[in-house]
$ cat upload17.cif   # mmCIF, C-alpha atoms
data_protein
loop_
_atom_site.label_atom_id
_atom_site.label_comp_id
_atom_site.auth_asym_id
_atom_site.auth_seq_id
_atom_site.Cartn_x
_atom_site.Cartn_y
_atom_site.Cartn_z
CA MET A 12 18.60 -20.05 11.79
CA LYS A 13 20.73 -17.05 12.68
CA GLN A 14 19.38 -14.29 14.91
CA PRO A 15 19.02 -10.78 13.43
CA THR A 16 22.29 -8.84 13.52
CA LEU A 17 21.01 -5.64 11.88
CA GLY A 18 18.58 -3.06 13.21
CA ASN A 19 20.91 -0.82 15.19
CA PRO A 20 22.83 2.14 13.73
CA GLN A 21 26.35 0.79 14.33
CA ASN A 22 25.82 -2.50 12.47
CA THR A 23 24.01 -0.72 9.64
CA ILE A 24 26.91 1.75 9.23
CA GLU A 25 29.43 -1.14 9.21
CA VAL A 26 27.59 -2.91 6.38
CA LEU A 27 27.23 0.29 4.34
CA GLN A 28 30.93 1.13 4.76
CA LYS A 29 32.06 -2.40 3.91
CA TYR A 30 30.34 -2.11 0.52
CA ASN A 31 30.86 1.64 0.02
CA PHE A 32 27.11 1.87 -0.46
CA VAL A 33 25.72 5.18 -1.71
CA PHE A 34 22.06 6.00 -0.99
CA GLN A 35 20.00 6.44 -4.15
CA LYS A 36 17.52 9.28 -3.87
CA LYS A 37 15.60 8.00 -6.92
CA PHE A 38 14.78 4.78 -5.00
CA GLY A 39 13.62 6.63 -1.86
CA GLN A 40 16.00 4.69 0.41
CA ASN A 41 15.62 5.20 4.17
CA PHE A 42 16.80 2.21 6.23
CA LEU A 43 15.27 1.42 9.63
CA ILE A 44 17.73 1.58 12.53
CA ASP A 45 15.46 0.89 15.51
CA THR A 46 14.99 -2.64 16.82
CA HIS A 47 11.86 -1.70 18.83
CA VAL A 48 10.12 -0.51 15.65
CA LEU A 49 11.19 -3.68 13.82
CA ASP A 50 9.78 -5.88 16.60
CA LYS A 51 6.55 -3.85 16.54
CA ILE A 52 6.13 -4.33 12.77
CA ILE A 53 6.64 -8.11 13.01
CA ARG A 54 4.12 -8.30 15.89
CA ALA A 55 1.59 -6.10 14.08
CA ALA A 56 1.84 -8.22 10.92
CA GLN A 57 1.16 -11.33 13.06
CA ILE A 58 3.78 -13.35 11.20
CA SER A 59 3.80 -17.07 12.01
CA GLN A 60 5.75 -20.13 10.85
CA ASP A 61 2.89 -20.85 8.40
CA ASP A 62 3.29 -17.56 6.53
CA CYS A 63 4.84 -16.72 3.21
CA VAL A 64 5.82 -13.02 3.30
CA LEU A 65 6.53 -10.64 0.43
CA GLU A 66 8.92 -7.87 1.44
CA ILE A 67 9.17 -4.89 -0.92
CA GLY A 68 12.44 -2.93 -0.83
CA PRO A 69 14.47 -4.95 1.72
CA GLY A 70 17.41 -2.52 1.55
CA ILE A 71 20.38 -4.15 3.30
CA GLY A 72 18.15 -6.89 4.76
CA THR A 73 17.43 -5.40 8.21
CA MET A 74 13.74 -6.32 8.40
CA THR A 75 14.31 -9.37 6.18
CA GLN A 76 16.35 -10.97 8.99
CA TYR A 77 13.47 -10.44 11.45
CA LEU A 78 10.91 -11.76 8.94
CA ALA A 79 13.04 -14.82 8.15
CA CYS A 80 13.10 -15.75 11.84
CA ALA A 81 9.31 -15.44 12.14
CA ALA A 82 7.97 -16.74 8.79
CA LYS A 83 8.05 -19.96 6.78
CA LYS A 84 9.30 -18.17 3.64
CA VAL A 85 10.30 -14.60 2.66
CA ILE A 86 10.38 -13.27 -0.91
CA ALA A 87 12.36 -10.02 -0.92
CA VAL A 88 11.95 -7.87 -4.04
CA GLU A 89 14.69 -5.23 -4.41
CA ILE A 90 15.03 -2.84 -7.38
CA ASP A 91 18.58 -1.56 -6.63
CA ARG A 92 21.16 -3.90 -8.13
CA ALA A 93 23.86 -2.43 -5.85
CA LEU A 94 22.04 -3.92 -2.83
CA ILE A 95 21.96 -7.52 -4.13
CA PRO A 96 25.53 -8.49 -3.05
CA ILE A 97 24.87 -6.85 0.35
CA LEU A 98 21.63 -8.86 0.75
CA GLU A 99 23.41 -12.08 -0.23
CA ASP A 100 25.91 -11.33 2.57
CA THR A 101 23.52 -10.17 5.33
CA LEU A 102 21.03 -12.98 4.56
CA ASP A 103 23.64 -15.72 4.31
CA GLY A 104 22.51 -18.48 6.67
CA TYR A 105 18.80 -17.60 6.38
CA ASP A 106 17.77 -20.50 4.16
CA ASN A 107 14.11 -19.48 3.76
CA VAL A 108 14.68 -16.20 1.84
CA ARG A 109 14.46 -15.71 -1.92
CA ILE A 110 15.91 -12.43 -3.26
CA VAL A 111 14.38 -11.09 -6.48
CA ASN A 112 16.18 -8.18 -8.19
CA ALA A 113 13.27 -6.42 -9.91
CA ASP A 114 10.89 -3.48 -9.93
CA VAL A 115 7.93 -4.65 -7.83
CA LEU A 116 5.52 -2.73 -10.10
CA LYS A 117 6.59 -5.01 -12.96
CA VAL A 118 6.64 -8.31 -11.04
CA ASP A 119 3.80 -10.83 -11.41
CA ILE A 120 3.18 -11.19 -7.67
CA ALA A 121 0.26 -13.61 -8.13
CA LYS A 122 2.69 -15.90 -10.00
CA LEU A 123 5.28 -15.55 -7.19
CA ALA A 124 2.59 -16.47 -4.64
CA GLU A 125 1.73 -19.52 -6.78
CA GLU A 126 5.38 -20.62 -6.99
CA GLU A 127 6.28 -20.02 -3.34
CA ASN A 128 3.02 -20.58 -1.49
CA GLY A 129 0.88 -22.76 -3.76
CA GLY A 130 -1.39 -19.80 -4.54
CA LYS A 131 -2.44 -19.44 -0.89
CA PRO A 132 -2.73 -15.86 0.46
CA ILE A 133 0.56 -14.19 1.35
CA LYS A 134 1.31 -11.35 3.76
CA VAL A 135 3.08 -8.20 2.58
CA VAL A 136 5.44 -6.43 4.99
CA ALA A 137 7.56 -3.48 3.87
CA ASN A 138 9.24 -0.20 4.65
CA LEU A 139 7.93 1.34 1.42
CA PRO A 140 9.68 3.97 -0.70
CA TYR A 141 7.37 6.93 -0.14
CA TYR A 142 7.36 8.17 -3.73
CA ILE A 143 5.61 5.01 -4.99
CA THR A 144 3.58 3.93 -1.95
CA THR A 145 0.18 4.40 -3.61
CA PRO A 146 0.95 2.59 -6.91
CA ILE A 147 2.42 -0.36 -4.97
CA ILE A 148 -0.55 -0.74 -2.61
CA MET A 149 -3.15 -0.19 -5.35
CA GLY A 150 -1.31 -2.61 -7.65
CA LEU A 151 -1.50 -5.34 -5.00
CA PHE A 152 -5.26 -4.80 -4.60
CA GLU A 153 -6.28 -4.19 -8.21
CA LYS A 154 -4.36 -7.16 -9.59
CA HIS A 155 -6.24 -9.34 -7.09
CA VAL A 156 -3.03 -10.78 -5.63
CA PRO A 157 -3.94 -13.44 -3.00
CA LEU A 158 -3.36 -11.41 0.18
CA LYS A 159 -4.11 -11.79 3.88
CA SER A 160 -2.75 -8.44 4.95
CA ILE A 161 -0.36 -5.61 4.11
CA THR A 162 1.68 -4.13 6.99
CA VAL A 163 3.78 -1.24 5.77
CA MET A 164 5.77 1.77 6.86
CA VAL A 165 4.54 4.79 4.92
CA GLN A 166 4.59 8.58 5.19
CA LYS A 167 2.36 9.56 8.15
CA GLU A 168 0.22 11.79 5.96
CA VAL A 169 -0.50 8.87 3.58
CA ALA A 170 -1.39 6.53 6.46
CA ASP A 171 -3.84 9.16 7.77
CA ARG A 172 -5.36 9.47 4.31
CA MET A 173 -5.94 5.72 4.09
CA GLN A 174 -8.12 5.53 7.17
CA VAL A 175 -10.19 8.76 7.26
CA GLY A 176 -13.87 9.12 6.39
CA PRO A 177 -16.00 11.61 4.42
CA GLY A 178 -15.88 15.32 5.19
CA THR A 179 -12.24 15.44 6.34
CA LYS A 180 -9.51 17.27 4.41
CA ASP A 181 -7.38 14.11 3.99
CA TYR A 182 -10.30 12.09 2.58
CA GLY A 183 -9.88 11.25 -1.10
CA ALA A 184 -9.59 8.59 -3.79
CA LEU A 185 -6.90 6.69 -1.83
CA SER A 186 -9.09 6.53 1.32
CA LEU A 187 -11.98 5.05 -0.67
CA ALA A 188 -9.86 2.61 -2.65
CA VAL A 189 -8.07 1.25 0.42
CA GLN A 190 -11.31 0.98 2.41
CA TYR A 191 -13.04 -0.87 -0.45
CA TYR A 192 -10.40 -3.61 -0.38
CA ALA A 193 -9.23 -3.68 3.24
CA LYS A 194 -9.71 -2.59 6.84
CA PRO A 195 -6.98 -0.04 7.74
CA TYR A 196 -5.45 0.24 11.20
CA ILE A 197 -2.54 2.52 12.20
CA VAL A 198 -0.15 0.53 14.38
CA ALA A 199 2.46 3.14 15.32
CA ASN A 200 3.86 6.54 14.45
CA VAL A 201 7.61 6.52 13.81
CA PRO A 202 9.83 9.65 14.08
CA PRO A 203 12.51 10.48 11.47
CA ASN A 204 15.41 9.57 13.81
CA CYS A 205 14.52 5.85 13.44
CA PHE A 206 15.89 5.90 9.89
CA MET A 207 19.16 6.35 8.07
CA PRO A 208 19.26 8.77 6.31
CA ARG A 209 16.56 10.68 8.21
CA PRO A 210 13.48 11.43 6.10
CA LYS A 211 12.08 14.97 6.25
CA VAL A 212 8.64 13.70 7.29
CA GLY A 213 7.14 11.55 10.03
CA SER A 214 6.20 7.96 9.24
CA SER A 215 3.52 5.49 10.34
CA VAL A 216 3.14 1.74 10.30
CA ILE A 217 -0.30 0.84 8.93
CA ARG A 218 -1.88 -2.60 8.66
CA LEU A 219 -4.46 -3.29 5.97
CA ASP A 220 -6.51 -6.47 6.50
CA ARG A 221 -7.81 -7.66 3.14
CA TYR A 222 -11.59 -8.22 3.00
CA GLY A 223 -12.85 -11.58 1.71
CA THR A 224 -15.61 -9.64 -0.01
CA PRO A 225 -15.72 -5.82 -0.24
CA PRO A 226 -17.95 -4.04 2.32
CA VAL A 227 -20.16 -2.59 -0.45
CA LYS A 228 -21.72 -4.24 -3.48
CA VAL A 229 -21.28 -2.47 -6.81
CA GLN A 230 -22.20 -3.62 -10.32
CA ASP A 231 -19.15 -2.15 -12.06
CA GLU A 232 -16.06 -1.75 -9.86
CA LYS A 233 -14.04 -0.03 -12.61
CA LEU A 234 -16.79 2.55 -13.27
CA MET A 235 -17.05 3.31 -9.52
CA PHE A 236 -13.32 4.04 -9.33
CA ARG A 237 -13.46 6.23 -12.45
CA ILE A 238 -16.25 8.22 -10.74
CA ILE A 239 -14.24 8.45 -7.50
CA ARG A 240 -11.13 9.68 -9.33
CA ALA A 241 -13.16 12.24 -11.31
CA SER A 242 -14.85 13.60 -8.19
CA PHE A 243 -11.51 14.25 -6.42
CA ASN A 244 -9.46 15.39 -9.42
CA GLN A 245 -10.79 18.91 -8.98
CA ARG A 246 -11.63 19.12 -5.30
CA ARG A 247 -12.94 22.68 -5.45
CA LYS A 248 -15.58 21.78 -8.01
CA THR A 249 -18.98 20.34 -7.20
CA LEU A 250 -19.44 16.60 -7.74
CA ALA A 251 -21.59 17.26 -10.85
CA ASN A 252 -18.92 19.46 -12.45
CA GLY A 253 -16.12 17.07 -11.57
CA LEU A 254 -17.95 14.20 -13.28
CA LYS A 255 -18.94 16.30 -16.31
CA ASN A 256 -15.35 17.50 -16.86
CA SER A 257 -13.75 14.08 -16.58
CA PRO A 258 -12.19 12.63 -19.76
CA GLU A 259 -12.72 9.17 -18.17
CA LEU A 260 -16.53 9.49 -18.14
CA ASP A 261 -19.00 10.08 -20.96
CA PHE A 262 -22.30 10.79 -19.21
CA THR A 263 -24.41 13.82 -20.10
CA LYS A 264 -24.99 16.67 -17.71
CA GLU A 265 -28.63 15.54 -17.30
CA GLU A 266 -27.66 11.92 -16.56
CA ILE A 267 -25.16 13.03 -13.89
CA GLU A 268 -27.62 15.42 -12.24
CA GLU A 269 -30.36 12.78 -12.23
CA ALA A 270 -28.03 10.22 -10.58
CA ILE A 271 -26.92 12.72 -7.88
CA LEU A 272 -30.57 13.53 -7.14
CA THR A 273 -31.32 9.83 -6.49
CA LEU A 274 -28.72 9.97 -3.67
CA GLY A 275 -30.89 12.60 -2.01
CA LYS A 276 -28.05 15.12 -2.22
CA GLY A 277 -28.29 18.73 -3.43
CA GLY A 278 -26.73 19.83 -6.70
CA SER A 279 -23.89 21.63 -4.93
CA VAL A 280 -22.62 18.54 -3.09
CA ARG A 281 -18.88 17.82 -3.40
CA GLY A 282 -17.24 14.41 -3.79
CA GLU A 283 -15.59 14.61 -0.37
CA ALA A 284 -19.04 14.48 1.29
CA LEU A 285 -19.88 11.03 -0.16
CA SER A 286 -19.23 7.73 1.61
CA LEU A 287 -18.07 4.56 -0.14
CA GLU A 288 -21.70 3.27 -0.04
CA GLU A 289 -22.89 6.46 -1.75
CA PHE A 290 -20.25 6.22 -4.48
CA ALA A 291 -21.34 2.61 -5.10
CA ALA A 292 -24.99 3.74 -5.30
CA LEU A 293 -24.06 6.60 -7.68
CA SER A 294 -22.10 4.20 -9.90
CA ASP A 295 -25.00 1.69 -9.98
CA CYS A 296 -27.44 4.48 -10.82
CA LEU A 297 -25.30 5.69 -13.75
CA SER A 298 -24.86 2.09 -14.97
CA LYS A 299 -28.67 1.71 -14.91
CA ILE A 300 -29.26 5.00 -16.77
CA ARG A 301 -26.93 3.76 -19.50
CA GLU A 302 -28.80 0.48 -19.83
CA GLU A 303 -32.21 2.15 -20.23
#
$ encode --input "upload17.cif" --output "structure tokens"
Amino acid sequence: MKQPTLGNPQNTIEVLQKYNFVFQKKFGQNFLIDTHVLDKIIRAAQISQDDCVLEIGPGIGTMTQYLACAAKKVIAVEIDRALIPILEDTLDGYDNVRIVNADVLKVDIAKLAEEENGGKPIKVVANLPYYITTPIIMGLFEKHVPLKSITVMVQKEVADRMQVGPGTKDYGALSLAVQYYAKPYIVANVPPNCFMPRPKVGSSVIRLDRYGTPPVKVQDEKLMFRIIRASFNQRRKTLANGLKNSPELDFTKEEIEEAILTLGKGGSVRGEALSLEEFAALSDCLSKIREE
């Protein structure tokens, strides 16, 4: 197995020039050019020779080389067709990597895990395109892909949002969704100069450890998430008004007010004041009202 040759600016520039590669803004391409950060990501993801890793957006294969050295198998899903010949070059000699040219949002990842890892849980490691970070992470959770953990580079602001609790300005639907499925932990903050081209914002590596069973019990998971979305869609409104105005919900004003009262909260409470446990209780209460 070859040792990683990418990860520093000079080698990255050589590869890009060799192929006359042009960065595609629509794919949110920012390649890592810092070996210390790469080492930190591999350590944080706790990759071992038993692991099958899914990498989303491998770019020119910088992190893929590091993952291939650490893991049993790497599946690298890349949307940009122009990068496929580059990946075939930079990953030549790494015999445990499968390159898939596809949009990860349209790939059946559970099927890939079945093919490559016998359906056993995989680990996801990625330097994610910032414009589709949330749909990618939520897609992995909601489709119940067999996962051990997700260790990803994301926009710092998004990483902060994933791990905060009620009453903070960053708290929202993403915080609750992530914390329902996984335990979030920020590994490192990464400045813009670690990338080529430099992004305009700071980045963070966050690790999400998938729960075996969610930390709260709820009768209807889908209803709870509809309630969560409705309560944050119009942050300035009270929780009752947010739920009443939502096209996703069809409860009466009286039903909503009754359910909020059972939480022991006043009528003027806002969604950002509720914990995950309280949203689960609210959802169960509304489910029960419907059944009566």
$ residues_around --input "upload17.cif" --residues "stretch 56-69 of chain A" --least-positions-apart "6" --cutoff "10 Å" --atoms "all atoms listed in the file" --output "PyMOL selection string"
chain A and resi 38-40+42+75-76+78-91+94-95+98+107-115+120+123-124+127-128+131-140+147+158-163+198+217-220
$ atom_distance --input "upload17.cif" --atom1 "atom CA of A:Ile52" --atom2 "atom CA of A:Val165"
12.1 Å
$ resolve_selection --input "upload17.cif" --expression "the PyMOL selection byres ((chain A and resi 266) around 12)" --output "number ranges by chain"
A: 251, 254-255, 260-265, 267-273, 293-294, 296-303
$ residues_near_point --input "upload17.cif" --point "(-6.4, 6.3, -5.1)" --cutoff "12 Å" --atoms "all atoms listed in the file" --output "PyMOL selection string"
chain A and resi 144-150+152-153+169+172-173+182-192+235-244
$ write_last_selection --input "upload17.cif" --atoms "C-alpha atoms" --output "PDB file, in the coordinates of the input"
ATOM      1  CA  THR A 144       3.580   3.930  -1.950  1.00  0.00           C
ATOM      2  CA  THR A 145       0.180   4.400  -3.610  1.00  0.00           C
ATOM      3  CA  PRO A 146       0.950   2.590  -6.910  1.00  0.00           C
ATOM      4  CA  ILE A 147       2.420  -0.360  -4.970  1.00  0.00           C
ATOM      5  CA  ILE A 148      -0.550  -0.740  -2.610  1.00  0.00           C
ATOM      6  CA  MET A 149      -3.150  -0.190  -5.350  1.00  0.00           C
ATOM      7  CA  GLY A 150      -1.310  -2.610  -7.650  1.00  0.00           C
ATOM      8  CA  PHE A 152      -5.260  -4.800  -4.600  1.00  0.00           C
ATOM      9  CA  GLU A 153      -6.280  -4.190  -8.210  1.00  0.00           C
ATOM     10  CA  VAL A 169      -0.500   8.870   3.580  1.00  0.00           C
ATOM     11  CA  ARG A 172      -5.360   9.470   4.310  1.00  0.00           C
ATOM     12  CA  MET A 173      -5.940   5.720   4.090  1.00  0.00           C
ATOM     13  CA  TYR A 182     -10.300  12.090   2.580  1.00  0.00           C
ATOM     14  CA  GLY A 183      -9.880  11.250  -1.100  1.00  0.00           C
ATOM     15  CA  ALA A 184      -9.590   8.590  -3.790  1.00  0.00           C
ATOM     16  CA  LEU A 185      -6.900   6.690  -1.830  1.00  0.00           C
ATOM     17  CA  SER A 186      -9.090   6.530   1.320  1.00  0.00           C
ATOM     18  CA  LEU A 187     -11.980   5.050  -0.670  1.00  0.00           C
ATOM     19  CA  ALA A 188      -9.860   2.610  -2.650  1.00  0.00           C
ATOM     20  CA  VAL A 189      -8.070   1.250   0.420  1.00  0.00           C
ATOM     21  CA  GLN A 190     -11.310   0.980   2.410  1.00  0.00           C
ATOM     22  CA  TYR A 191     -13.040  -0.870  -0.450  1.00  0.00           C
ATOM     23  CA  TYR A 192     -10.400  -3.610  -0.380  1.00  0.00           C
ATOM     24  CA  MET A 235     -17.050   3.310  -9.520  1.00  0.00           C
ATOM     25  CA  PHE A 236     -13.320   4.040  -9.330  1.00  0.00           C
ATOM     26  CA  ARG A 237     -13.460   6.230 -12.450  1.00  0.00           C
ATOM     27  CA  ILE A 238     -16.250   8.220 -10.740  1.00  0.00           C
ATOM     28  CA  ILE A 239     -14.240   8.450  -7.500  1.00  0.00           C
ATOM     29  CA  ARG A 240     -11.130   9.680  -9.330  1.00  0.00           C
ATOM     30  CA  ALA A 241     -13.160  12.240 -11.310  1.00  0.00           C
ATOM     31  CA  SER A 242     -14.850  13.600  -8.190  1.00  0.00           C
ATOM     32  CA  PHE A 243     -11.510  14.250  -6.420  1.00  0.00           C
ATOM     33  CA  ASN A 244      -9.460  15.390  -9.420  1.00  0.00           C
TER      34      ASN A 244
END
$ closest_residue --input "upload17.cif" --among "A:Lys122, A:Leu49, A:Ala292, A:Leu287" --to "A:Gly275" --atoms "all atoms listed in the file"
A:Ala292
$ closest_residue --input "upload17.cif" --among "A:Ile143, A:Val156, A:Val212, A:Leu17" --to "A:Glu168" --atoms "all atoms listed in the file"
A:Val212
$ resolve_selection --input "upload17.cif" --expression "the PyMOL selection byres ((chain A and resi 20) around 10)" --output "count of residues only"
16
$ atom_distance --input "upload17.cif" --atom1 "atom CA of A:Asn252" --atom2 "atom CA of A:Gly278"
9.7 Å
$ atom_distance --input "upload17.cif" --atom1 "atom CA of A:Gly130" --atom2 "atom CA of A:Asp106"
21.1 Å
$ closest_residue --input "upload17.cif" --among "A:Ser279, A:Ser257, A:Gln230, A:Ser286" --to "A:Pro177" --atoms "all atoms listed in the file"
A:Ser286
$ closest_residue --input "upload17.cif" --among "A:Glu289, A:Glu99, A:Glu259, A:Asp119" --to "A:Lys228" --atoms "only C-alpha atoms"
A:Glu289
$ closest_residue --input "upload17.cif" --among "A:Ala291, A:Ala170, A:Leu102, A:Ile53" --to "A:Lys13" --atoms "all atoms listed in the file"
A:Leu102
$ closest_residue --input "upload17.cif" --among "A:Val175, A:Leu116, A:Met164, A:Val26" --to "A:Thr101" --atoms "all atoms listed in the file"
A:Val26
$ decode --input "upload17.cif" --residues "stretch 97-130 of chain A" --atoms "C-alpha atoms" --output "mmCIF file, in the first residue's frame"
data_model
loop_
_atom_site.group_PDB
_atom_site.id
_atom_site.type_symbol
_atom_site.label_atom_id
_atom_site.label_comp_id
_atom_site.auth_asym_id
_atom_site.auth_seq_id
_atom_site.Cartn_x
_atom_site.Cartn_y
_atom_site.Cartn_z
ATOM 1 C CA ILE A 97 -7.674 12.421 -11.453
ATOM 2 C CA LEU A 98 -8.907 10.035 -8.726
ATOM 3 C CA GLU A 99 -8.007 7.009 -10.859
ATOM 4 C CA ASP A 100 -4.477 8.460 -11.089
ATOM 5 C CA THR A 101 -3.967 9.596 -7.464
ATOM 6 C CA LEU A 102 -5.524 6.385 -6.078
ATOM 7 C CA ASP A 103 -3.645 4.045 -8.396
ATOM 8 C CA GLY A 104 -1.961 1.467 -6.162
ATOM 9 C CA TYR A 105 -4.563 1.751 -3.378
ATOM 10 C CA ASP A 106 -6.364 -1.517 -4.029
ATOM 11 C CA ASN A 107 -9.052 -1.095 -1.345
ATOM 12 C CA VAL A 108 -10.822 1.963 -2.851
ATOM 13 C CA ARG A 109 -13.981 1.941 -4.962
ATOM 14 C CA ILE A 110 -14.778 5.197 -6.801
ATOM 15 C CA VAL A 111 -18.453 5.890 -7.518
ATOM 16 C CA ASN A 112 -19.268 8.789 -9.875
ATOM 17 C CA ALA A 113 -22.681 9.870 -8.565
ATOM 18 C CA ASP A 114 -24.663 12.417 -6.587
ATOM 19 C CA VAL A 115 -24.567 11.103 -3.006
ATOM 20 C CA LEU A 116 -28.136 12.348 -2.421
ATOM 21 C CA LYS A 117 -29.310 9.909 -5.107
ATOM 22 C CA VAL A 118 -27.156 6.914 -4.090
ATOM 23 C CA ASP A 119 -28.663 3.986 -2.168
ATOM 24 C CA ILE A 120 -26.050 4.011 0.593
ATOM 25 C CA ALA A 121 -27.693 1.161 2.523
ATOM 26 C CA LYS A 122 -27.274 -0.975 -0.626
ATOM 27 C CA LEU A 123 -23.605 0.096 -0.935
ATOM 28 C CA ALA A 124 -23.041 -0.875 2.717
ATOM 29 C CA GLU A 125 -24.652 -4.255 1.971
ATOM 30 C CA GLU A 126 -22.431 -4.839 -1.084
ATOM 31 C CA GLU A 127 -19.158 -3.655 0.459
ATOM 32 C CA ASN A 128 -19.554 -4.445 4.156
ATOM 33 C CA GLY A 129 -22.187 -7.181 4.365
ATOM 34 C CA GLY A 130 -24.711 -4.706 5.790
#
